[in-house]
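Enquirer: My file is input-v6.cif. It has mmCIF, C-alpha atoms:
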data_start
loop_
_atom_site.label_atom_id
_atom_site.label_comp_id
_atom_site.auth_asym_id
_atom_site.auth_seq_id
_atom_site.Cartn_x
_atom_site.Cartn_y
_atom_site.Cartn_z
CA MET V 157 0.00 0.00 0.00
CA GLU V 158 1.04 3.62 -0.51
CA TYR V 159 0.91 6.28 2.16
CA GLU V 160 2.81 9.43 2.96
CA LYS V 161 5.67 8.76 5.33
CA LYS V 162 7.13 11.58 7.33
CA GLN V 163 10.66 11.70 8.67
CA VAL V 164 10.79 10.63 12.30
CA ASP V 165 11.72 13.53 14.57
CA PHE V 166 13.76 11.77 17.24
CA SER V 167 13.97 14.89 19.40
CA LYS V 168 10.18 14.68 19.58
CA THR V 169 9.98 10.93 20.18
CA ALA V 170 12.57 11.17 22.96
CA GLN V 171 10.13 13.37 24.87
CA SER V 172 7.03 11.38 23.94
CA GLN V 173 4.69 10.08 26.60
CA GLU V 174 3.65 7.28 24.23
CA TRP V 175 5.61 4.35 25.68
CA SER V 176 5.27 2.09 22.68
CA LEU V 177 6.25 1.80 19.02
CA TRP V 178 3.38 4.17 18.26
CA LYS V 179 5.57 7.13 19.13
CA TYR V 180 6.85 6.63 15.55
CA ILE V 181 3.35 7.30 14.22
CA ASP V 182 4.70 9.70 11.57
CA SER V 183 6.33 6.78 9.76
CA LEU V 184 3.32 4.45 10.12
CA PRO V 185 0.13 4.19 8.02
CA PHE V 186 -2.18 5.63 10.69
CA GLU V 187 -3.21 8.96 12.14
CA GLU V 188 -2.53 10.13 15.68
CA ASP V 189 -6.14 9.59 16.71
CA ASP V 190 -6.97 6.30 14.99
CA VAL V 191 -8.21 2.77 15.51
CA TRP V 192 -4.81 1.54 16.77
CA ARG V 193 -5.54 3.16 20.12
CA GLU V 194 -8.28 0.57 20.74
CA ILE V 195 -5.96 -2.32 19.90
CA THR V 196 -2.49 -1.51 21.23
CA LEU V 197 -1.11 -3.51 24.16
CA GLY V 198 1.90 -1.26 24.65
CA GLU V 199 4.08 -3.17 22.20
CA GLY V 200 7.59 -1.91 21.51
CA ASN V 201 9.96 0.18 23.63
CA THR V 202 11.98 -2.92 24.59
CA PRO V 203 15.29 -2.55 26.44
CA LEU V 204 18.84 -3.20 25.29
CA ILE V 205 20.74 -5.63 27.52
CA LYS V 206 24.52 -5.70 27.66
CA ILE V 207 25.80 -9.24 26.97
CA SER V 208 29.49 -8.37 26.62
CA GLU V 209 31.55 -5.21 26.07
CA ASN V 210 30.38 -4.56 22.50
CA LEU V 211 27.42 -6.93 22.22
CA LEU V 212 23.90 -5.78 23.05
CA ALA V 213 20.71 -7.83 22.98
CA LYS V 214 17.33 -6.20 22.37
CA ALA V 215 14.84 -7.90 24.67
CA GLU V 216 11.93 -8.41 22.30
CA TYR V 217 10.47 -11.02 24.65
CA TYR V 218 9.24 -8.06 26.75
CA MET V 219 6.46 -7.75 24.18
CA PRO V 220 2.81 -8.41 25.14
CA THR V 221 2.79 -11.90 23.55
CA LEU V 222 6.47 -12.49 24.36
CA SER V 223 7.94 -12.14 20.84
CA PHE V 224 9.03 -9.50 18.33
CA LYS V 225 6.13 -10.43 16.06
CA ASP V 226 3.91 -8.02 17.99
CA ARG V 227 5.58 -5.16 16.10
CA GLY V 228 4.13 -6.30 12.80
CA SER V 229 0.92 -7.91 14.00
CA VAL V 230 -0.46 -4.81 15.67
CA ILE V 231 -0.06 -2.83 12.43
CA LEU V 232 -1.63 -5.58 10.34
CA VAL V 233 -4.60 -6.20 12.64
CA ALA V 234 -5.22 -2.50 13.25
CA MET V 235 -5.45 -1.96 9.49
CA ALA V 236 -7.82 -4.93 9.15
CA LYS V 237 -10.01 -3.36 11.83
CA LYS V 238 -9.88 0.01 10.06
CA LEU V 239 -11.00 -1.66 6.83
CA GLY V 240 -13.95 -3.28 8.58
CA ILE V 241 -12.66 -6.85 8.26
CA ASP V 242 -14.20 -9.31 10.73
CA ARG V 243 -12.24 -12.50 9.94
CA VAL V 244 -8.57 -13.14 9.22
CA VAL V 245 -6.52 -16.20 8.35
CA ALA V 246 -2.82 -16.54 9.17
CA ASP V 247 -0.16 -19.22 9.01
CA SER V 248 2.74 -19.33 11.41
CA SER V 249 5.34 -21.47 13.14
CA GLY V 250 3.79 -20.18 16.37
CA ASN V 251 4.82 -16.69 17.42
CA ALA V 252 3.16 -14.72 14.61
CA GLY V 253 0.01 -16.76 15.05
CA THR V 254 -0.06 -16.05 18.77
CA SER V 255 0.48 -12.36 18.14
CA ILE V 256 -2.23 -12.05 15.47
CA ALA V 257 -4.63 -13.99 17.71
CA ALA V 258 -4.01 -11.62 20.62
CA PHE V 259 -4.51 -8.42 18.62
CA GLY V 260 -7.42 -10.04 16.80
CA ALA V 261 -9.08 -10.62 20.16
CA ARG V 262 -8.54 -6.95 21.02
CA ALA V 263 -10.06 -5.91 17.70
CA GLY V 264 -13.03 -8.28 17.84
CA ILE V 265 -11.83 -10.11 14.73
CA GLN V 266 -12.23 -13.85 14.29
CA CYS V 267 -8.85 -15.54 13.70
CA ASP V 268 -8.07 -18.86 12.03
CA ILE V 269 -4.43 -19.69 12.72
CA PHE V 270 -2.68 -22.45 10.77
CA VAL V 271 0.44 -24.01 12.32
CA PRO V 272 2.61 -27.07 11.65
CA GLU V 273 1.55 -29.97 13.84
CA SER V 274 5.08 -29.97 15.30
CA THR V 275 4.58 -26.50 16.83
CA SER V 276 5.40 -26.17 20.52
CA GLU V 277 2.42 -27.13 22.67
CA LYS V 278 2.94 -24.00 24.73
CA LYS V 279 2.52 -21.81 21.67
CA LEU V 280 -0.62 -23.71 20.66
CA LYS V 281 -2.16 -23.07 24.07
CA GLN V 282 -1.26 -19.40 23.87
CA ILE V 283 -2.95 -19.05 20.47
CA ALA V 284 -6.09 -20.87 21.62
CA ALA V 285 -6.27 -18.83 24.84
CA HIS V 286 -6.98 -15.72 22.75
CA GLY V 287 -10.03 -17.40 21.20
CA ALA V 288 -8.52 -18.19 17.82
CA THR V 289 -9.29 -21.40 15.96
CA VAL V 290 -6.09 -23.44 15.66
CA HIS V 291 -5.56 -25.61 12.58
CA LYS V 292 -2.68 -28.08 13.02
CA ILE V 293 -1.34 -29.12 9.64
CA PRO V 294 0.73 -32.28 8.97
CA GLY V 295 3.99 -31.70 7.14
CA ASN V 296 6.30 -28.72 6.95
CA ARG V 297 5.91 -24.95 7.15
CA GLU V 298 5.15 -24.73 3.42
CA ASP V 299 2.30 -27.23 3.78
CA THR V 300 0.88 -25.01 6.51
CA ALA V 301 0.99 -21.93 4.28
CA ARG V 302 -0.76 -23.77 1.45
CA ALA V 303 -3.55 -24.89 3.79
CA ALA V 304 -4.04 -21.33 5.04
CA MET V 305 -4.17 -19.91 1.52
CA ALA V 306 -6.71 -22.55 0.54
CA MET V 307 -9.00 -21.38 3.33
CA VAL V 308 -8.51 -17.75 2.26
CA GLU V 309 -9.68 -18.64 -1.24
CA GLU V 310 -12.59 -20.75 0.00
CA THR V 311 -13.93 -18.24 2.52
CA ASN V 312 -12.76 -14.96 0.96
CA SER V 313 -11.18 -14.07 4.30
CA PHE V 314 -8.45 -11.48 4.82
CA TYR V 315 -5.00 -13.10 4.68
CA ALA V 316 -3.11 -11.67 7.64
CA SER V 317 0.23 -12.92 6.39
CA HIS V 318 3.43 -11.68 8.02
CA ILE V 319 5.21 -12.95 4.90
CA TYR V 320 3.19 -11.46 2.05
CA ASN V 321 1.60 -8.36 3.57
CA PRO V 322 4.05 -5.41 3.61
CA LEU V 323 2.14 -3.78 6.47
CA PHE V 324 3.87 -6.24 8.78
CA TRP V 325 7.31 -4.87 7.89
CA GLU V 326 6.15 -1.35 8.62
CA GLY V 327 5.85 -2.58 12.20
CA THR V 328 9.10 -4.52 12.38
CA LYS V 329 11.09 -1.54 11.10
CA THR V 330 10.45 0.16 14.46
CA TYR V 331 12.94 -2.31 15.95
CA VAL V 332 15.71 -0.30 14.25
CA TYR V 333 14.17 3.09 15.13
CA GLU V 334 14.23 2.16 18.80
CA ILE V 335 17.87 1.05 18.65
CA TYR V 336 18.83 4.29 16.88
CA GLU V 337 17.17 6.26 19.65
CA GLN V 338 18.56 4.10 22.47
CA LEU V 339 22.10 4.52 21.12
CA LYS V 340 21.62 8.31 21.00
CA GLY V 341 21.40 8.82 17.28
CA ILE V 342 23.73 6.16 15.92
CA LEU V 343 23.35 2.57 14.80
CA PRO V 344 25.65 -0.34 15.61
CA GLU V 345 28.14 -1.47 12.98
CA ALA V 346 26.23 -4.71 12.57
CA PHE V 347 22.87 -6.33 13.27
CA ILE V 348 22.64 -10.09 13.83
CA ILE V 349 19.22 -11.03 12.42
CA PRO V 350 17.66 -14.51 12.29
CA VAL V 351 15.95 -15.30 9.02
CA GLY V 352 13.27 -17.79 8.12
CA ASN V 353 10.74 -15.77 6.16
CA GLY V 354 12.71 -12.61 6.88
CA THR V 355 10.08 -10.35 8.45
CA LEU V 356 12.50 -8.74 10.90
CA LEU V 357 15.30 -8.50 8.35
CA ILE V 358 13.15 -6.83 5.70
CA GLY V 359 11.74 -4.42 8.26
CA ALA V 360 15.25 -3.53 9.42
CA TYR V 361 16.36 -2.87 5.85
CA ILE V 362 13.36 -0.59 5.27
CA ALA V 363 14.35 1.38 8.38
CA PHE V 364 17.96 1.65 7.16
CA GLN V 365 16.72 3.04 3.84
CA GLU V 366 14.41 5.55 5.54
CA LEU V 367 17.17 6.76 7.88
CA MET V 368 19.57 7.07 4.95
CA SER V 369 17.11 9.00 2.79
CA SER V 370 16.45 11.45 5.63
CA GLY V 371 20.18 11.95 6.20
CA GLN V 372 20.00 10.64 9.77
CA ILE V 373 22.64 7.99 8.99
CA GLN V 374 25.37 8.15 6.35
CA GLU V 375 25.89 4.42 5.80
CA MET V 376 23.96 1.26 6.48
CA PRO V 377 25.00 -1.19 9.17
CA LYS V 378 25.84 -4.70 8.02
CA ILE V 379 23.09 -7.28 8.17
CA LEU V 380 24.66 -10.48 9.49
CA ALA V 381 21.92 -13.02 9.02
CA VAL V 382 21.61 -16.47 10.54
CA GLN V 383 19.84 -19.68 9.62
CA ALA V 384 19.78 -23.15 11.12
CA GLY V 385 22.12 -25.47 9.25
CA ALA V 386 19.40 -28.12 8.99
CA CYS V 387 17.20 -25.71 7.01
CA ALA V 388 19.26 -23.02 5.30
CA PRO V 389 18.09 -22.22 1.76
CA ILE V 390 19.06 -18.53 1.91
CA SER V 391 22.53 -19.28 3.24
CA LYS V 392 23.03 -21.80 0.44
CA ALA V 393 21.92 -19.31 -2.23
CA PHE V 394 24.16 -16.60 -0.78
CA GLU V 395 27.23 -18.84 -0.76
CA GLU V 396 26.54 -19.84 -4.36
CA GLY V 397 26.24 -16.21 -5.45
CA LYS V 398 22.64 -16.59 -6.56
CA THR V 399 19.96 -13.92 -6.63
CA THR V 400 17.08 -16.35 -6.14
CA VAL V 401 16.53 -18.99 -3.47
CA GLU V 402 15.75 -22.58 -4.35
CA PRO V 403 13.76 -24.69 -1.86
CA VAL V 404 15.71 -27.17 0.25
CA GLU V 405 14.75 -30.15 2.34
CA ASN V 406 14.02 -29.27 5.95
CA LYS V 407 16.10 -31.91 7.71
CA GLY V 408 14.53 -31.03 11.04
CA THR V 409 15.71 -28.27 13.34
CA ILE V 410 14.99 -27.30 16.93
CA ALA V 411 14.92 -23.67 15.72
CA GLU V 412 11.28 -23.92 14.63
CA GLY V 413 10.90 -20.18 14.21
CA ILE V 414 13.32 -20.07 11.25
CA ALA V 415 12.61 -23.49 9.75
CA ILE V 416 11.51 -22.19 6.35
CA ALA V 417 12.58 -24.44 3.47
CA ALA V 418 11.09 -22.28 0.69
CA PRO V 419 11.12 -18.61 1.76
CA ALA V 420 8.74 -16.52 -0.33
CA ARG V 421 10.89 -13.39 0.00
CA GLY V 422 14.24 -15.05 -0.63
CA SER V 423 15.38 -12.69 -3.38
CA GLU V 424 14.55 -9.60 -1.33
CA ILE V 425 16.40 -11.01 1.66
CA LEU V 426 19.51 -11.71 -0.42
CA GLU V 427 19.35 -8.21 -1.87
CA ALA V 428 19.15 -6.61 1.58
CA ILE V 429 22.10 -8.60 2.94
CA ARG V 430 24.28 -7.75 -0.05
CA ALA V 431 23.24 -4.09 -0.12
CA THR V 432 24.58 -3.66 3.41
CA GLY V 433 27.82 -5.53 2.75
CA GLY V 434 26.57 -8.23 5.07
CA ASP V 435 26.76 -12.00 5.28
CA ILE V 436 24.72 -15.03 6.27
CA ILE V 437 25.80 -18.18 8.06
CA ALA V 438 24.17 -21.39 9.18
CA VAL V 439 24.62 -22.70 12.72
CA SER V 440 24.47 -26.24 14.05
CA GLU V 441 21.82 -27.71 16.32
CA GLU V 442 24.42 -28.28 19.03
CA SER V 443 25.63 -24.68 18.92
CA ILE V 444 22.04 -23.39 19.19
CA LEU V 445 21.48 -25.30 22.42
CA GLN V 446 24.89 -24.34 23.81
CA ALA V 447 24.23 -20.67 23.07
CA ARG V 448 20.79 -20.82 24.65
CA ASN V 449 22.29 -22.33 27.80
CA GLU V 450 25.04 -19.71 27.87
CA LEU V 451 22.48 -16.90 27.64
CA ALA V 452 20.52 -18.50 30.48
CA SER V 453 23.70 -18.49 32.59
CA LYS V 454 23.76 -14.70 32.04
CA GLY V 455 20.17 -14.40 33.32
CA VAL V 456 18.59 -14.33 29.85
CA TYR V 457 16.13 -17.18 29.18
CA VAL V 458 15.05 -17.34 25.54
CA GLU V 459 13.19 -19.74 23.30
CA ILE V 460 15.36 -22.20 21.42
CA THR V 461 15.24 -20.38 18.08
CA THR V 462 16.77 -17.28 19.68
CA GLY V 463 19.76 -19.38 20.73
CA ALA V 464 20.71 -19.39 17.05
CA ASN V 465 21.32 -15.64 17.17
CA TYR V 466 23.94 -15.80 19.89
CA ALA V 467 25.47 -18.91 18.32
CA ALA V 468 25.81 -16.93 15.10
CA TYR V 469 27.54 -14.04 16.85
CA LEU V 470 30.13 -16.40 18.32
CA GLN V 471 30.69 -17.84 14.85
CA TYR V 472 30.83 -14.43 13.20
CA ILE V 473 33.56 -13.10 15.49
CA GLU V 474 35.67 -16.11 14.53
CA LYS V 475 35.09 -15.33 10.85
CA TYR V 476 35.55 -11.57 11.30
CA PRO V 477 37.79 -10.97 14.36
CA GLU V 478 37.42 -7.19 14.00
CA LEU V 479 33.72 -7.60 14.78
CA SER V 480 34.51 -8.20 18.46
CA GLU V 481 35.68 -4.57 18.67
CA GLN V 482 32.53 -3.21 17.00
CA LYS V 483 29.07 -2.53 18.37
CA VAL V 484 26.68 -5.37 17.48
CA VAL V 485 23.00 -5.88 18.38
CA PHE V 486 21.00 -9.09 18.18
CA PRO V 487 17.34 -9.73 19.09
CA LEU V 488 16.02 -11.87 21.91
CA CYS V 489 13.10 -12.83 19.71
CA GLY V 490 10.98 -14.90 22.07
CA ALA V 491 10.71 -15.89 25.72
CA GLY V 492 12.08 -19.21 26.95
CA ILE V 493 8.73 -20.36 28.27
CA LYS V 494 7.49 -20.62 24.66
CA SER V 495 9.71 -23.64 24.00
CA ASN V 496 8.93 -27.15 25.19
#
Step by step, read the file and then write its structure as structure tokens.

Expert:
Amino acid sequence: MEYEKKQVDFSKTAQSQEWSLWKYIDSLPFEEDDVWREITLGEGNTPLIKISENLLAKAEYYMPTLSFKDRGSVILVAMAKKLGIDRVVADSSGNAGTSIAAFGARAGIQCDIFVPESTSEKKLKQIAAHGATVHKIPGNREDTARAAMAMVEETNSFYASHIYNPLFWEGTKTYVYEIYEQLKGILPEAFIIPVGNGTLLIGAYIAFQELMSSGQIQEMPKILAVQAGACAPISKAFEEGKTTVEPVENKGTIAEGIAIAAPARGSEILEAIRATGGDIIAVSEESILQARNELASKGVYVEITTGANYAAYLQYIEKYPELSEQKVVFPLCGAGIKSN
């Protein structure tokens, strides 16, 4: 969709009494006094936690539904409400479905959430608690998406997809705006970003572009992406120098949140990584668990998928030793209690 974006005035947002991502309303597709006020749960405004001297973690599990997906879901559901939609369909590995269900409940919108049958039982209970209808689909993440799209076509429902609907990325871009503000008008040299369907990565890249075009930054930080080695189609395409991503076999990974064998936005993700001079690596199952345990020993308990982010950082500083002397931020995407 097209709408007029205004440059964010960070001197204004620093003084704002709106303690949520909605303080960036000028860059979002809503007015100051709009339907979002009936739906918001105070999403955004998450803290940065120091992990080591130059490594910061943004605690996205402080969100209302305990994951970063709330940034995109609130925008998507608020727009559905504004358009008078009373039923939405979404597919998810768990967190996006939970988030859409929660905001759907706030908006009085019926939600049908499609998930792989292997989804964490805790996430399934969270989705159902918000009154959504849960559809467990045999097979992989792609099978789940196909089942959801079939229902959309059959029922003519609104497809609240965090993958296909660009409204979602307008929400996830606020992740970068907050970091820019928290670091007093600068961005770190690099962002570690997990990528399955790439909703956080694409949102971050949009924010980089907006900050560049407004002259608020002079160069883009590197996007250092991470996938699970057991399901890494984007990493494979990047290493082979390709501009498109071919589907791979999902060999089974504990990082369910990024287990996407055929990412719909693969080309855009590759473009964003390359445009920032970034990189992408795949991490092992063992390293994911080790990293999760190490974060827990620092007082930070995250869901298993988030362990991949810290595992990637440890691998990246081996590949690029200079990175250990640079400021790096990675997301704590979801709370530990979400994982079985």

Enquirer: Residues at most 12 Å from Lys475 in chain V, counting only C-alpha atoms, excluding those fewer than 3 positions away in the same chain, as a ChimeraX atom specification?

Expert: /V:380,435-437,468-472,478-480

Enquirer: Sorted by chain and rising residue number, which residues of range 280-379 of chain V lie within 8 Å of range 423-426 of chain V, and what are their closest atom pairs and distances in Å to one decimal, counting only C-alpha atoms, as CSV?

Expert:
residue,atom,partner,partner_atom,distance
V:Gly354,CA,V:Ile425,CA,6.6
V:Leu357,CA,V:Ile425,CA,7.2
V:Ile358,CA,V:Ile425,CA,6.7

Enquirer: Just checking: using only C-alpha atoms, which residue out of V:Asn201, V:Gln171, V:Gln482, V:Ser369 ends up closest to Tyr331 in chain V?

Expert: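 That would be V:Asn201, the residue with the smallest distance to Tyr331 in chain V.
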
Enquirer: Quick one: apply the PyMOL selection byres ((chain V and resi 314-324) around 6) to the file and drop the selected residues here as a list in words.

Expert: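 Applied to this file, the PyMOL selection byres ((chain V and resi 314-324) around 6) returns Gly228, Leu232, Val244, Val245, Ala246, Ser313, Trp325, Glu326 and Gly327 of chain V.
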
Enquirer: What would the selection look like, as a list in words, if the PyMOL selection byres ((chain V and resi 416) around 7) were run on the coordinates I just shared?

Expert: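 That expression, the PyMOL selection byres ((chain V and resi 416) around 7), corresponds here to Arg297, Gly352, Asn353, Cys387, Ile414, Ala415, Ala417, Ala418 and Pro419 of chain V.
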
Enquirer: Run through the PyMOL selection byres ((chain V and resi 248-262) around 7) on the given coordinates and return the selected residues as number ranges by chain.

Expert: V: 195, 221, 223, 225-226, 229-230, 233, 246-247, 263-267, 269-272, 275, 279, 282-283, 286-288, 297, 412-413
